[in-house]
$ cat upload-v8.txt   # compact mmCIF, C-alpha atoms
# COMPACT_ATOMS: atom_id res chain seq x y z
CA MET A 1 18.19 -27.09 62.26
CA SER A 2 17.34 -29.84 59.81
CA ASN A 3 19.59 -30.74 56.88
CA PHE A 4 17.37 -28.95 54.39
CA GLU A 5 19.40 -29.89 51.31
CA ALA A 6 18.55 -33.56 51.89
CA PHE A 7 14.83 -33.04 51.27
CA GLN A 8 13.58 -34.13 47.84
CA TYR A 9 9.91 -33.21 48.29
CA PHE A 10 8.09 -30.34 49.96
CA ALA A 11 4.52 -30.55 51.20
CA GLY A 12 2.06 -27.96 52.44
CA LEU A 13 -0.85 -28.91 54.69
CA VAL A 14 -3.68 -26.45 55.32
CA ALA A 15 -6.84 -27.11 57.32
CA SER A 16 -10.17 -25.29 57.28
CA GLY A 17 -12.56 -26.77 59.80
CA GLN A 18 -12.73 -30.50 59.08
CA ASP A 19 -11.33 -30.17 55.56
CA HIS A 20 -7.60 -30.60 54.93
CA GLY A 21 -5.72 -29.82 51.73
CA VAL A 22 -2.31 -31.27 50.90
CA ALA A 23 0.05 -30.42 48.04
CA VAL A 24 3.48 -31.96 47.31
CA LEU A 25 6.17 -30.36 45.11
CA ASP A 26 9.48 -31.79 43.96
CA ARG A 27 12.78 -29.90 44.21
CA ALA A 28 12.13 -28.20 40.85
CA GLY A 29 8.76 -26.90 42.08
CA ALA A 30 6.61 -29.25 39.98
CA LEU A 31 3.34 -30.35 41.57
CA VAL A 32 3.57 -34.15 42.01
CA ALA A 33 0.52 -34.74 44.22
CA GLU A 34 -2.42 -32.97 45.80
CA PHE A 35 -5.45 -34.28 47.64
CA GLU A 36 -8.00 -33.47 50.31
CA PHE A 37 -9.04 -35.49 53.33
CA GLY A 38 -11.42 -35.12 56.23
CA GLU A 39 -11.25 -35.10 60.01
CA PHE A 40 -10.63 -38.86 60.24
CA GLY A 41 -8.52 -39.34 57.12
CA TRP A 42 -5.06 -39.45 58.69
CA ARG A 43 -4.39 -43.03 57.59
CA GLU A 44 -5.19 -42.03 54.02
CA PHE A 45 -2.90 -39.01 54.45
CA GLN A 46 0.00 -41.20 55.57
CA GLU A 47 -0.56 -43.76 52.81
CA LYS A 48 -0.55 -41.14 50.07
CA LEU A 49 2.64 -39.51 51.34
CA ALA A 50 4.45 -42.85 51.78
CA GLY A 51 5.70 -42.65 48.19
CA TYR A 52 7.64 -39.45 48.86
CA PRO A 53 10.71 -40.16 51.01
CA SER A 54 12.88 -37.28 52.20
CA LEU A 55 9.76 -35.16 52.65
CA ALA A 56 9.67 -31.80 54.43
CA LEU A 57 6.20 -30.70 55.48
CA ALA A 58 4.93 -27.24 56.45
CA ALA A 59 1.59 -26.73 58.18
CA GLU A 60 -0.26 -23.85 59.78
CA ALA A 61 0.35 -23.94 63.53
CA LEU A 62 -3.29 -23.46 64.47
CA GLN A 63 -5.03 -26.79 64.99
CA GLY A 64 -3.53 -28.82 67.80
CA ARG A 65 -4.87 -32.15 66.52
CA LEU A 66 -3.14 -31.53 63.20
CA MET A 67 0.19 -30.69 64.83
CA ASP A 68 -0.04 -33.65 67.18
CA GLN A 69 -0.82 -36.07 64.33
CA LEU A 70 2.21 -34.90 62.36
CA LEU A 71 4.55 -35.31 65.32
CA MET A 72 3.17 -38.74 66.28
CA ARG A 73 3.59 -39.96 62.70
CA GLY A 74 7.23 -38.89 62.55
CA TYR A 75 7.10 -36.13 59.92
CA THR A 76 9.69 -33.37 59.73
CA PHE A 77 7.17 -30.67 60.47
CA PHE A 78 7.74 -26.94 60.00
CA PRO A 79 5.07 -24.93 61.84
CA VAL A 80 3.96 -21.64 60.29
CA THR A 81 1.90 -19.09 62.21
CA PRO A 82 -1.31 -17.78 60.58
CA GLN A 83 0.20 -14.31 60.15
CA ASN A 84 3.30 -15.70 58.46
CA LEU A 85 1.20 -17.95 56.22
CA ASN A 86 -0.77 -14.95 54.96
CA ALA A 87 2.42 -12.97 54.35
CA LEU A 88 4.02 -15.88 52.48
CA LEU A 89 0.99 -16.42 50.24
CA GLN A 90 0.88 -12.70 49.43
CA ARG A 91 4.59 -12.67 48.60
CA LEU A 92 4.09 -15.64 46.25
CA ALA A 93 0.97 -13.99 44.73
CA TYR A 94 -1.31 -16.89 45.63
CA PRO A 95 -4.96 -15.73 45.42
CA ALA A 96 -7.15 -15.67 48.52
CA GLU A 97 -9.66 -18.24 47.26
CA GLU A 98 -10.73 -19.80 50.58
CA ASN A 99 -9.46 -22.99 48.96
CA THR A 100 -7.38 -25.42 51.01
CA LEU A 101 -5.62 -26.91 47.98
CA SER A 102 -4.57 -23.50 46.64
CA ASP A 103 -3.24 -22.49 50.06
CA ALA A 104 -1.49 -25.86 50.43
CA ARG A 105 0.30 -25.37 47.09
CA GLY A 106 1.38 -21.90 48.21
CA LEU A 107 2.66 -23.18 51.54
CA ALA A 108 4.58 -26.02 49.85
CA GLU A 109 6.17 -23.52 47.48
CA ALA A 110 7.08 -21.21 50.38
CA LEU A 111 8.74 -24.10 52.19
CA ARG A 112 10.66 -25.12 49.05
CA VAL A 113 11.90 -21.58 48.32
CA PHE A 114 12.40 -20.09 51.78
CA GLY A 115 12.44 -23.04 54.19
CA ALA A 116 16.21 -23.50 54.51
CA GLY A 117 16.21 -21.05 57.42
CA TRP A 118 13.09 -22.38 59.12
CA ARG A 119 13.04 -24.49 62.26
CA PRO A 120 11.09 -27.77 62.51
CA LEU A 121 9.13 -28.80 65.58
CA THR A 122 10.27 -32.19 66.90
CA PRO A 123 8.97 -34.73 69.45
CA GLN A 124 11.93 -33.78 71.65
CA ASP A 125 10.92 -30.12 71.85
CA PRO A 126 10.80 -28.95 75.51
CA LEU A 127 7.53 -27.09 74.92
CA LEU A 128 5.73 -30.19 73.65
CA PRO A 129 4.14 -31.07 77.06
CA GLU A 130 2.61 -27.59 77.19
CA PHE A 131 1.37 -27.98 73.62
CA ARG A 132 -0.23 -31.33 74.40
CA ARG A 133 -2.01 -29.91 77.46
CA VAL A 134 -3.70 -27.32 75.23
CA TRP A 135 -4.32 -29.84 72.45
CA GLY A 136 -6.17 -32.15 74.86
CA ARG A 137 -8.60 -29.38 75.82
CA GLU A 138 -8.93 -28.42 72.16
CA LYS A 139 -9.82 -32.01 71.25
CA ASP A 140 -12.61 -32.11 73.86
CA LEU A 141 -14.10 -28.85 72.61
CA ARG A 142 -13.85 -30.04 69.03
CA THR A 143 -15.77 -33.20 69.92
CA ASN A 144 -18.50 -31.10 71.55
CA LEU A 145 -18.62 -28.77 68.55
CA VAL A 146 -19.10 -31.66 66.10
CA ALA A 147 -21.92 -33.10 68.25
CA LEU A 148 -23.66 -29.74 68.67
CA SER A 149 -23.39 -28.97 64.96
CA ALA A 150 -24.89 -32.34 64.09
CA ARG A 151 -27.79 -31.69 66.46
CA LEU A 152 -28.44 -28.25 64.94
CA GLY A 153 -28.19 -29.62 61.41
CA GLY A 154 -30.70 -32.35 62.23
CA ALA A 155 -33.14 -29.84 63.71
CA LEU A 156 -32.85 -27.62 60.63
CA SER A 157 -33.43 -30.55 58.29
CA ARG A 158 -36.81 -31.05 59.98
CA SER A 159 -37.94 -27.43 60.43
CA PHE A 160 -36.12 -25.35 57.79
CA PRO A 161 -34.26 -27.70 55.39
CA GLU A 162 -33.71 -24.93 52.82
CA ALA A 163 -31.40 -23.21 55.31
CA LEU A 164 -28.95 -26.14 55.30
CA THR A 165 -27.04 -24.40 52.48
CA ILE A 166 -26.34 -21.56 54.93
CA PHE A 167 -25.66 -23.90 57.83
CA ASN A 168 -23.12 -25.79 55.72
CA TRP A 169 -20.84 -22.74 55.74
CA GLY A 170 -19.77 -24.22 59.07
CA GLY A 171 -18.82 -20.92 60.69
CA HIS A 172 -20.04 -17.99 62.77
CA ASP A 173 -21.69 -16.22 59.83
CA GLY A 174 -23.91 -19.18 59.04
CA TRP A 175 -24.83 -19.74 62.67
CA ALA A 176 -25.61 -16.03 63.08
CA PHE A 177 -27.97 -16.24 60.10
CA ILE A 178 -29.77 -19.23 61.65
CA GLU A 179 -29.97 -17.39 64.97
CA LYS A 180 -31.63 -14.41 63.28
CA TYR A 181 -33.81 -16.38 60.84
CA PRO A 182 -34.39 -19.84 62.33
CA LEU A 183 -37.54 -20.57 60.29
CA ALA A 184 -38.74 -19.94 56.74
CA SER A 185 -41.76 -18.08 58.09
CA ILE A 186 -39.50 -15.65 59.98
CA LEU A 187 -37.24 -15.07 56.98
CA ARG A 188 -40.30 -14.55 54.76
CA ARG A 189 -41.51 -11.67 56.95
CA ALA A 190 -38.13 -9.90 56.79
CA LYS A 191 -37.54 -6.98 54.47
CA ARG A 192 -34.83 -7.18 51.82
CA GLN A 193 -33.15 -4.12 53.34
CA GLU A 194 -32.86 -5.98 56.63
CA ILE A 195 -31.22 -8.97 54.89
CA GLU A 196 -28.78 -6.66 53.13
CA GLU A 197 -27.86 -4.95 56.40
CA PHE A 198 -27.16 -8.35 57.96
CA LEU A 199 -24.88 -9.32 55.06
CA ARG A 200 -22.96 -6.05 55.25
CA SER A 201 -22.60 -6.30 59.03
CA ARG A 202 -20.97 -9.72 58.59
CA ASP A 203 -18.73 -8.57 55.69
CA LEU A 204 -20.54 -10.98 53.36
CA TRP A 205 -21.76 -8.46 50.80
CA GLU A 206 -18.81 -8.87 48.44
CA THR A 207 -18.76 -12.66 48.67
CA PRO A 208 -20.66 -15.48 46.93
CA ARG A 209 -22.55 -16.02 50.18
CA ARG A 210 -24.56 -12.88 49.50
CA GLU A 211 -26.30 -14.60 46.59
CA GLN A 212 -26.94 -17.72 48.66
CA CYS A 213 -28.71 -15.69 51.34
CA LEU A 214 -30.70 -13.61 48.86
CA GLU A 215 -31.74 -16.71 46.90
CA LEU A 216 -32.94 -18.36 50.11
CA PHE A 217 -34.88 -15.19 50.99
CA ALA A 218 -36.51 -15.15 47.54
CA LYS A 219 -37.51 -18.82 47.82
CA THR A 220 -39.25 -18.24 51.13
CA ARG A 221 -41.21 -15.35 49.59
CA GLN A 222 -42.44 -17.62 46.80
CA SER A 223 -43.49 -20.54 48.98
CA ARG A 224 -45.76 -21.15 51.94
CA ASP A 225 -45.30 -23.54 54.84
CA ARG A 226 -47.71 -26.45 54.97
CA GLN A 227 -47.41 -26.35 58.74
CA ILE A 228 -45.73 -23.41 60.43
CA PRO A 229 -43.46 -24.55 63.29
CA SER A 230 -44.20 -23.06 66.68
CA ASN A 231 -42.38 -20.18 68.32
CA GLN A 232 -40.90 -22.74 70.69
CA VAL A 233 -39.19 -24.45 67.76
CA ALA A 234 -37.78 -21.11 66.61
CA ASP A 235 -36.48 -20.38 70.11
CA GLU A 236 -34.85 -23.82 70.33
CA LEU A 237 -33.10 -23.34 66.98
CA ARG A 238 -31.86 -19.90 68.04
CA GLU A 239 -30.50 -21.29 71.30
CA MET A 240 -28.76 -24.17 69.51
CA ALA A 241 -27.15 -21.74 67.04
CA LYS A 242 -25.92 -19.60 69.95
CA THR A 243 -24.51 -22.65 71.73
CA VAL A 244 -22.69 -23.89 68.62
CA SER A 245 -21.22 -20.44 68.05
CA ARG A 246 -20.04 -20.14 71.67
CA CYS A 247 -18.41 -23.57 71.54
CA ALA A 248 -16.68 -22.69 68.26
CA PHE A 249 -15.40 -19.44 69.76
CA GLU A 250 -13.88 -21.26 72.73
CA TRP A 251 -12.30 -23.83 70.40
CA GLN A 252 -10.77 -21.07 68.29
CA LYS A 253 -9.34 -19.39 71.38
CA LEU A 254 -7.52 -22.61 72.21
CA GLN A 255 -6.20 -22.83 68.66
CA PHE A 256 -4.63 -19.40 69.00
CA LEU A 257 -3.27 -20.44 72.39
CA SER A 258 -1.10 -22.93 70.48
CA VAL A 259 0.27 -19.99 68.50
CA GLY A 260 0.85 -18.18 71.80
CA ILE A 261 2.97 -21.08 73.03
CA LEU A 262 5.03 -20.90 69.84
CA GLN A 263 5.58 -17.22 70.53
CA MET A 264 7.22 -18.14 73.85
CA HIS A 265 9.64 -20.45 72.05
CA PRO A 266 13.26 -19.19 71.96
CA ASP A 267 13.36 -20.00 68.23
CA PHE A 268 9.97 -18.44 67.43
CA ALA A 269 11.51 -16.17 64.77
CA LEU A 270 12.44 -19.27 62.77
CA PHE A 271 8.94 -20.78 62.55
CA GLY A 272 8.03 -20.11 58.93
CA PRO A 273 9.09 -16.44 58.74
CA PRO A 274 8.12 -14.47 55.62
CA PRO A 275 10.91 -13.52 53.18
CA GLY A 276 13.16 -10.87 54.68
CA GLU A 277 12.13 -11.50 58.29
CA LEU A 278 14.94 -13.94 58.98
CA GLU A 279 17.62 -11.43 57.93
CA VAL A 280 16.06 -8.75 60.12
CA LYS A 281 16.08 -11.01 63.15
CA LYS A 282 19.71 -11.97 62.60
CA ASP A 283 20.74 -8.33 62.34
CA GLU A 284 19.03 -7.57 65.65
CA LEU A 285 20.99 -10.23 67.53

$ encode --input "upload-v8.txt" --output "structure tokens"
Amino acid sequence: MSNFEAFQYFAGLVASGQDHGVAVLDRAGALVAEFEFGEFGWREFQEKLAGYPSLALAAEALQGRLMDQLLMRGYTFFPVTPQNLNALLQRLAYPAEENTLSDARGLAEALRVFGAGWRPLTPQDPLLPEFRRVWGREKDLRTNLVALSARLGGALSRSFPEALTIFNWGGHDGWAFIEKYPLASILRRAKRQEIEEFLRSRDLWETPRREQCLELFAKTRQSRDRQIPSNQVADELREMAKTVSRCAFEWQKLQFLSVGILQMHPDFALFGPPPGELEVKKDEL
């Protein structure tokens, strides 16, 4: 266990795709810093945290590159499983905003309030070689995913640029939309009921993305293509969307494999447990 009383600052790091949110609290719980950075912003991350010595940092144990970067840079890193992160945010009444900064503030607060019983992951951990084996495969898939996404985005910008707002969701729902409606001419021929059924099938009806899809549908009904792309172009876009989605699925499976390795750890119960869980585990011993 780390000497938790020695920490003067508590940070939460949450990643969503290529976007990372960081929040830093002092011992009294006051927010002293928060910022976002991208996939290649680790130097910026380290520079901004350099002014906070005696820092404890909690991060979701999902992305291997994130975990590896923290260990290589020497941070006292407390991994938190996705399930425990959700439970902690609910206990602290942090809203589910799909906002990395909000989640990072919640995670920092959870670490400050409950982290005395948590266990950090260290470079000396015996499971680290197994972690790094998975993280290497994850890195390769991530590289492929970025390249495939860029290729799909470029093709859309030429054939259906209006759909880039949907593509920029950067997830399976957006790629599924592109797969179903790869061209403006195809979306224009769809019925509104069909669009609504798609949104409900993807659990998007009660989200802001519903309006984005319906607005795009309305725009295609009001405009006409100067030159309608061929069916071959539509088929190519569909195939690219399928390929991106498959690659993302494989990448996500590897992310959860990292969580599976944590579950094999003899101290798994101490990796960011929700309030009350630690006492239950102790009573069972």

$ residues_around --input "upload-v8.txt" --residues "Ala23 of chain A" --least-positions-apart "5" --cutoff "6 Å" --atoms "all atoms listed in the file" --output "number ranges by chain"
A: 11-12, 33-34, 104-105

$ closest_residue --input "upload-v8.txt" --among "A:Leu216, A:Ala147, A:Leu111, A:Ala241" --to "Glu162 of chain A" --atoms "all atoms listed in the file"
A:Leu216

$ closest_atom_pairs --input "upload-v8.txt" --of "segment 122-201 of chain A" --to "segment 63-79 of chain A" --cutoff "7 Å" --atoms "all atoms listed in the file" --output "tab-separated table"
residue	atom	partner	partner_atom	distance
A:Thr122	CA	A:Leu71	CA	6.7
A:Pro123	CA	A:Leu71	CA	6.1
A:Trp135	CA	A:Gly64	CA	4.8
A:Glu138	CA	A:Gly64	CA	7.0
A:Lys139	CA	A:Arg65	CA	6.8

$ write_last_selection --input "upload-v8.txt" --atoms "C-alpha atoms" --output "PDB file, keeping the file's coordinate frame"
ATOM      1  CA  THR A 122      10.270 -32.190  66.900  1.00  0.00           C
ATOM      2  CA  PRO A 123       8.970 -34.730  69.450  1.00  0.00           C
ATOM      3  CA  TRP A 135      -4.320 -29.840  72.450  1.00  0.00           C
ATOM      4  CA  GLU A 138      -8.930 -28.420  72.160  1.00  0.00           C
ATOM      5  CA  LYS A 139      -9.820 -32.010  71.250  1.00  0.00           C
TER       6      LYS A 139
END

$ residues_near_point --input "upload-v8.txt" --point "(-8.0, -27.5, 51.3)" --cutoff "10 Å" --atoms "all atoms listed in the file" --output "list in words"
Leu13, Val14, Ala15, Ser16, Gly17, Gln18, Asp19, His20, Gly21, Val22, Ala23, Glu34, Phe35, Glu36, Phe37, Gly38, Glu98, Asn99, Thr100, Leu101, Ser102, Asp103, Ala104 and Arg105 of chain A

$ write_last_selection --input "upload-v8.txt" --atoms "C-alpha atoms" --output "mmCIF file, in the coordinates of the input"
data_model
loop_
_atom_site.group_PDB
_atom_site.id
_atom_site.type_symbol
_atom_site.label_atom_id
_atom_site.label_comp_id
_atom_site.auth_asym_id
_atom_site.auth_seq_id
_atom_site.Cartn_x
_atom_site.Cartn_y
_atom_site.Cartn_z
ATOM 1 C CA LEU A 13 -0.850 -28.910 54.690
ATOM 2 C CA VAL A 14 -3.680 -26.450 55.320
ATOM 3 C CA ALA A 15 -6.840 -27.110 57.320
ATOM 4 C CA SER A 16 -10.170 -25.290 57.280
ATOM 5 C CA GLY A 17 -12.560 -26.770 59.800
ATOM 6 C CA GLN A 18 -12.730 -30.500 59.080
ATOM 7 C CA ASP A 19 -11.330 -30.170 55.560
ATOM 8 C CA HIS A 20 -7.600 -30.600 54.930
ATOM 9 C CA GLY A 21 -5.720 -29.820 51.730
ATOM 10 C CA VAL A 22 -2.310 -31.270 50.900
ATOM 11 C CA ALA A 23 0.050 -30.420 48.040
ATOM 12 C CA GLU A 34 -2.420 -32.970 45.800
ATOM 13 C CA PHE A 35 -5.450 -34.280 47.640
ATOM 14 C CA GLU A 36 -8.000 -33.470 50.310
ATOM 15 C CA PHE A 37 -9.040 -35.490 53.330
ATOM 16 C CA GLY A 38 -11.420 -35.120 56.230
ATOM 17 C CA GLU A 98 -10.730 -19.800 50.580
ATOM 18 C CA ASN A 99 -9.460 -22.990 48.960
ATOM 19 C CA THR A 100 -7.380 -25.420 51.010
ATOM 20 C CA LEU A 101 -5.620 -26.910 47.980
ATOM 21 C CA SER A 102 -4.570 -23.500 46.640
ATOM 22 C CA ASP A 103 -3.240 -22.490 50.060
ATOM 23 C CA ALA A 104 -1.490 -25.860 50.430
ATOM 24 C CA ARG A 105 0.300 -25.370 47.090
#

$ closest_residue --input "upload-v8.txt" --among "A:Phe256, A:Phe198, A:Tyr9, A:Trp251" --to "Arg112 of chain A" --atoms "all atoms listed in the file"
A:Tyr9

$ residues_around --input "upload-v8.txt" --residues "Val244 of chain A" --least-positions-apart "5" --cutoff "8 Å" --atoms "all atoms listed in the file" --output "ChimeraX atom specification"
/A:145,148-149,175

$ atom_distance --input "upload-v8.txt" --atom1 "atom CA of Leu257 of chain A" --atom2 "atom CA of Phe177 of chain A"
27.9 Å

$ residues_around --input "upload-v8.txt" --residues "segment 271-273 of chain A" --least-positions-apart "4" --cutoff "10 Å" --atoms "only C-alpha atoms" --output "PDB file with C-alpha atoms, in the frame of the given file"
ATOM      1  CA  ALA A  58       4.930 -27.240  56.450  1.00  0.00           C
ATOM      2  CA  ALA A  59       1.590 -26.730  58.180  1.00  0.00           C
ATOM      3  CA  GLU A  60      -0.260 -23.850  59.780  1.00  0.00           C
ATOM      4  CA  ALA A  61       0.350 -23.940  63.530  1.00  0.00           C
ATOM      5  CA  PHE A  78       7.740 -26.940  60.000  1.00  0.00           C
ATOM      6  CA  PRO A  79       5.070 -24.930  61.840  1.00  0.00           C
ATOM      7  CA  VAL A  80       3.960 -21.640  60.290  1.00  0.00           C
ATOM      8  CA  THR A  81       1.900 -19.090  62.210  1.00  0.00           C
ATOM      9  CA  PRO A  82      -1.310 -17.780  60.580  1.00  0.00           C
ATOM     10  CA  GLN A  83       0.200 -14.310  60.150  1.00  0.00           C
ATOM     11  CA  ASN A  84       3.300 -15.700  58.460  1.00  0.00           C
ATOM     12  CA  LEU A  85       1.200 -17.950  56.220  1.00  0.00           C
ATOM     13  CA  ALA A  87       2.420 -12.970  54.350  1.00  0.00           C
ATOM     14  CA  LEU A  88       4.020 -15.880  52.480  1.00  0.00           C
ATOM     15  CA  LEU A 107       2.660 -23.180  51.540  1.00  0.00           C
ATOM     16  CA  ALA A 110       7.080 -21.210  50.380  1.00  0.00           C
ATOM     17  CA  LEU A 111       8.740 -24.100  52.190  1.00  0.00           C
ATOM     18  CA  PHE A 114      12.400 -20.090  51.780  1.00  0.00           C
ATOM     19  CA  GLY A 115      12.440 -23.040  54.190  1.00  0.00           C
ATOM     20  CA  ALA A 116      16.210 -23.500  54.510  1.00  0.00           C
ATOM     21  CA  GLY A 117      16.210 -21.050  57.420  1.00  0.00           C
ATOM     22  CA  TRP A 118      13.090 -22.380  59.120  1.00  0.00           C
ATOM     23  CA  ARG A 119      13.040 -24.490  62.260  1.00  0.00           C
ATOM     24  CA  PRO A 120      11.090 -27.770  62.510  1.00  0.00           C
ATOM     25  CA  LEU A 121       9.130 -28.800  65.580  1.00  0.00           C
ATOM     26  CA  LEU A 262       5.030 -20.900  69.840  1.00  0.00           C
ATOM     27  CA  GLN A 263       5.580 -17.220  70.530  1.00  0.00           C
ATOM     28  CA  HIS A 265       9.640 -20.450  72.050  1.00  0.00           C
ATOM     29  CA  ASP A 267      13.360 -20.000  68.230  1.00  0.00           C
ATOM     30  CA  GLU A 277      12.130 -11.500  58.290  1.00  0.00           C
ATOM     31  CA  LEU A 278      14.940 -13.940  58.980  1.00  0.00           C
ATOM     32  CA  GLU A 279      17.620 -11.430  57.930  1.00  0.00           C
ATOM     33  CA  LYS A 281      16.080 -11.010  63.150  1.00  0.00           C
TER      34      LYS A 281
END

$ build_atoms --input "upload-v8.txt" --residues "segment 11-19 of chain A" --atoms "all heavy atoms" --output "PDB file, in the coordinates of the input"
ATOM      1  N   ALA A  11       5.975 -30.470  51.110  1.00  0.00           N
ATOM      2  CA  ALA A  11       4.520 -30.550  51.200  1.00  0.00           C
ATOM      3  C   ALA A  11       3.976 -29.390  52.028  1.00  0.00           C
ATOM      4  O   ALA A  11       4.616 -28.935  52.981  1.00  0.00           O
ATOM      5  CB  ALA A  11       4.095 -31.886  51.830  1.00  0.00           C
ATOM      6  N   GLY A  12       2.797 -28.941  51.661  1.00  0.00           N
ATOM      7  CA  GLY A  12       2.060 -27.960  52.440  1.00  0.00           C
ATOM      8  C   GLY A  12       0.746 -28.584  52.883  1.00  0.00           C
ATOM      9  O   GLY A  12       0.085 -29.277  52.104  1.00  0.00           O
ATOM     10  N   LEU A  13       0.393 -28.382  54.132  1.00  0.00           N
ATOM     11  CA  LEU A  13      -0.850 -28.910  54.690  1.00  0.00           C
ATOM     12  C   LEU A  13      -1.618 -27.758  55.312  1.00  0.00           C
ATOM     13  O   LEU A  13      -1.118 -27.060  56.205  1.00  0.00           O
ATOM     14  CB  LEU A  13      -0.545 -29.977  55.742  1.00  0.00           C
ATOM     15  CG  LEU A  13      -1.716 -30.492  56.597  1.00  0.00           C
ATOM     16  CD1 LEU A  13      -2.807 -31.083  55.723  1.00  0.00           C
ATOM     17  CD2 LEU A  13      -1.229 -31.522  57.611  1.00  0.00           C
ATOM     18  N   VAL A  14      -2.833 -27.535  54.831  1.00  0.00           N
ATOM     19  CA  VAL A  14      -3.680 -26.450  55.320  1.00  0.00           C
ATOM     20  C   VAL A  14      -5.032 -27.016  55.701  1.00  0.00           C
ATOM     21  O   VAL A  14      -5.596 -27.842  54.962  1.00  0.00           O
ATOM     22  CB  VAL A  14      -3.843 -25.344  54.256  1.00  0.00           C
ATOM     23  CG1 VAL A  14      -4.833 -24.289  54.725  1.00  0.00           C
ATOM     24  CG2 VAL A  14      -2.497 -24.699  53.949  1.00  0.00           C
ATOM     25  N   ALA A  15      -5.549 -26.618  56.855  1.00  0.00           N
ATOM     26  CA  ALA A  15      -6.840 -27.110  57.320  1.00  0.00           C
ATOM     27  C   ALA A  15      -7.829 -25.953  57.448  1.00  0.00           C
ATOM     28  O   ALA A  15      -7.473 -24.844  57.842  1.00  0.00           O
ATOM     29  CB  ALA A  15      -6.691 -27.810  58.667  1.00  0.00           C
ATOM     30  N   SER A  16      -9.069 -26.240  57.095  1.00  0.00           N
ATOM     31  CA  SER A  16     -10.170 -25.290  57.280  1.00  0.00           C
ATOM     32  C   SER A  16     -11.328 -26.084  57.853  1.00  0.00           C
ATOM     33  O   SER A  16     -11.998 -26.826  57.135  1.00  0.00           O
ATOM     34  CB  SER A  16     -10.556 -24.645  55.950  1.00  0.00           C
ATOM     35  OG  SER A  16     -11.675 -23.781  56.118  1.00  0.00           O
ATOM     36  N   GLY A  17     -11.542 -25.953  59.177  1.00  0.00           N
ATOM     37  CA  GLY A  17     -12.560 -26.770  59.800  1.00  0.00           C
ATOM     38  C   GLY A  17     -12.154 -28.233  59.747  1.00  0.00           C
ATOM     39  O   GLY A  17     -11.069 -28.618  60.155  1.00  0.00           O
ATOM     40  N   GLN A  18     -13.021 -29.080  59.186  1.00  0.00           N
ATOM     41  CA  GLN A  18     -12.730 -30.500  59.080  1.00  0.00           C
ATOM     42  C   GLN A  18     -12.068 -30.866  57.761  1.00  0.00           C
ATOM     43  O   GLN A  18     -11.717 -32.030  57.548  1.00  0.00           O
ATOM     44  CB  GLN A  18     -14.030 -31.306  59.233  1.00  0.00           C
ATOM     45  CG  GLN A  18     -14.716 -31.109  60.582  1.00  0.00           C
ATOM     46  CD  GLN A  18     -15.954 -31.956  60.720  1.00  0.00           C
ATOM     47  OE1 GLN A  18     -15.925 -33.161  60.513  1.00  0.00           O
ATOM     48  NE2 GLN A  18     -17.060 -31.330  61.066  1.00  0.00           N
ATOM     49  N   ASP A  19     -11.914 -29.903  56.880  1.00  0.00           N
ATOM     50  CA  ASP A  19     -11.330 -30.170  55.560  1.00  0.00           C
ATOM     51  C   ASP A  19      -9.844 -29.858  55.567  1.00  0.00           C
ATOM     52  O   ASP A  19      -9.415 -28.810  56.057  1.00  0.00           O
ATOM     53  CB  ASP A  19     -12.031 -29.323  54.489  1.00  0.00           C
ATOM     54  CG  ASP A  19     -13.516 -29.635  54.391  1.00  0.00           C
ATOM     55  OD1 ASP A  19     -13.865 -30.825  54.507  1.00  0.00           O
ATOM     56  OD2 ASP A  19     -14.313 -28.704  54.218  1.00  0.00           O
TER      57      ASP A  19
END
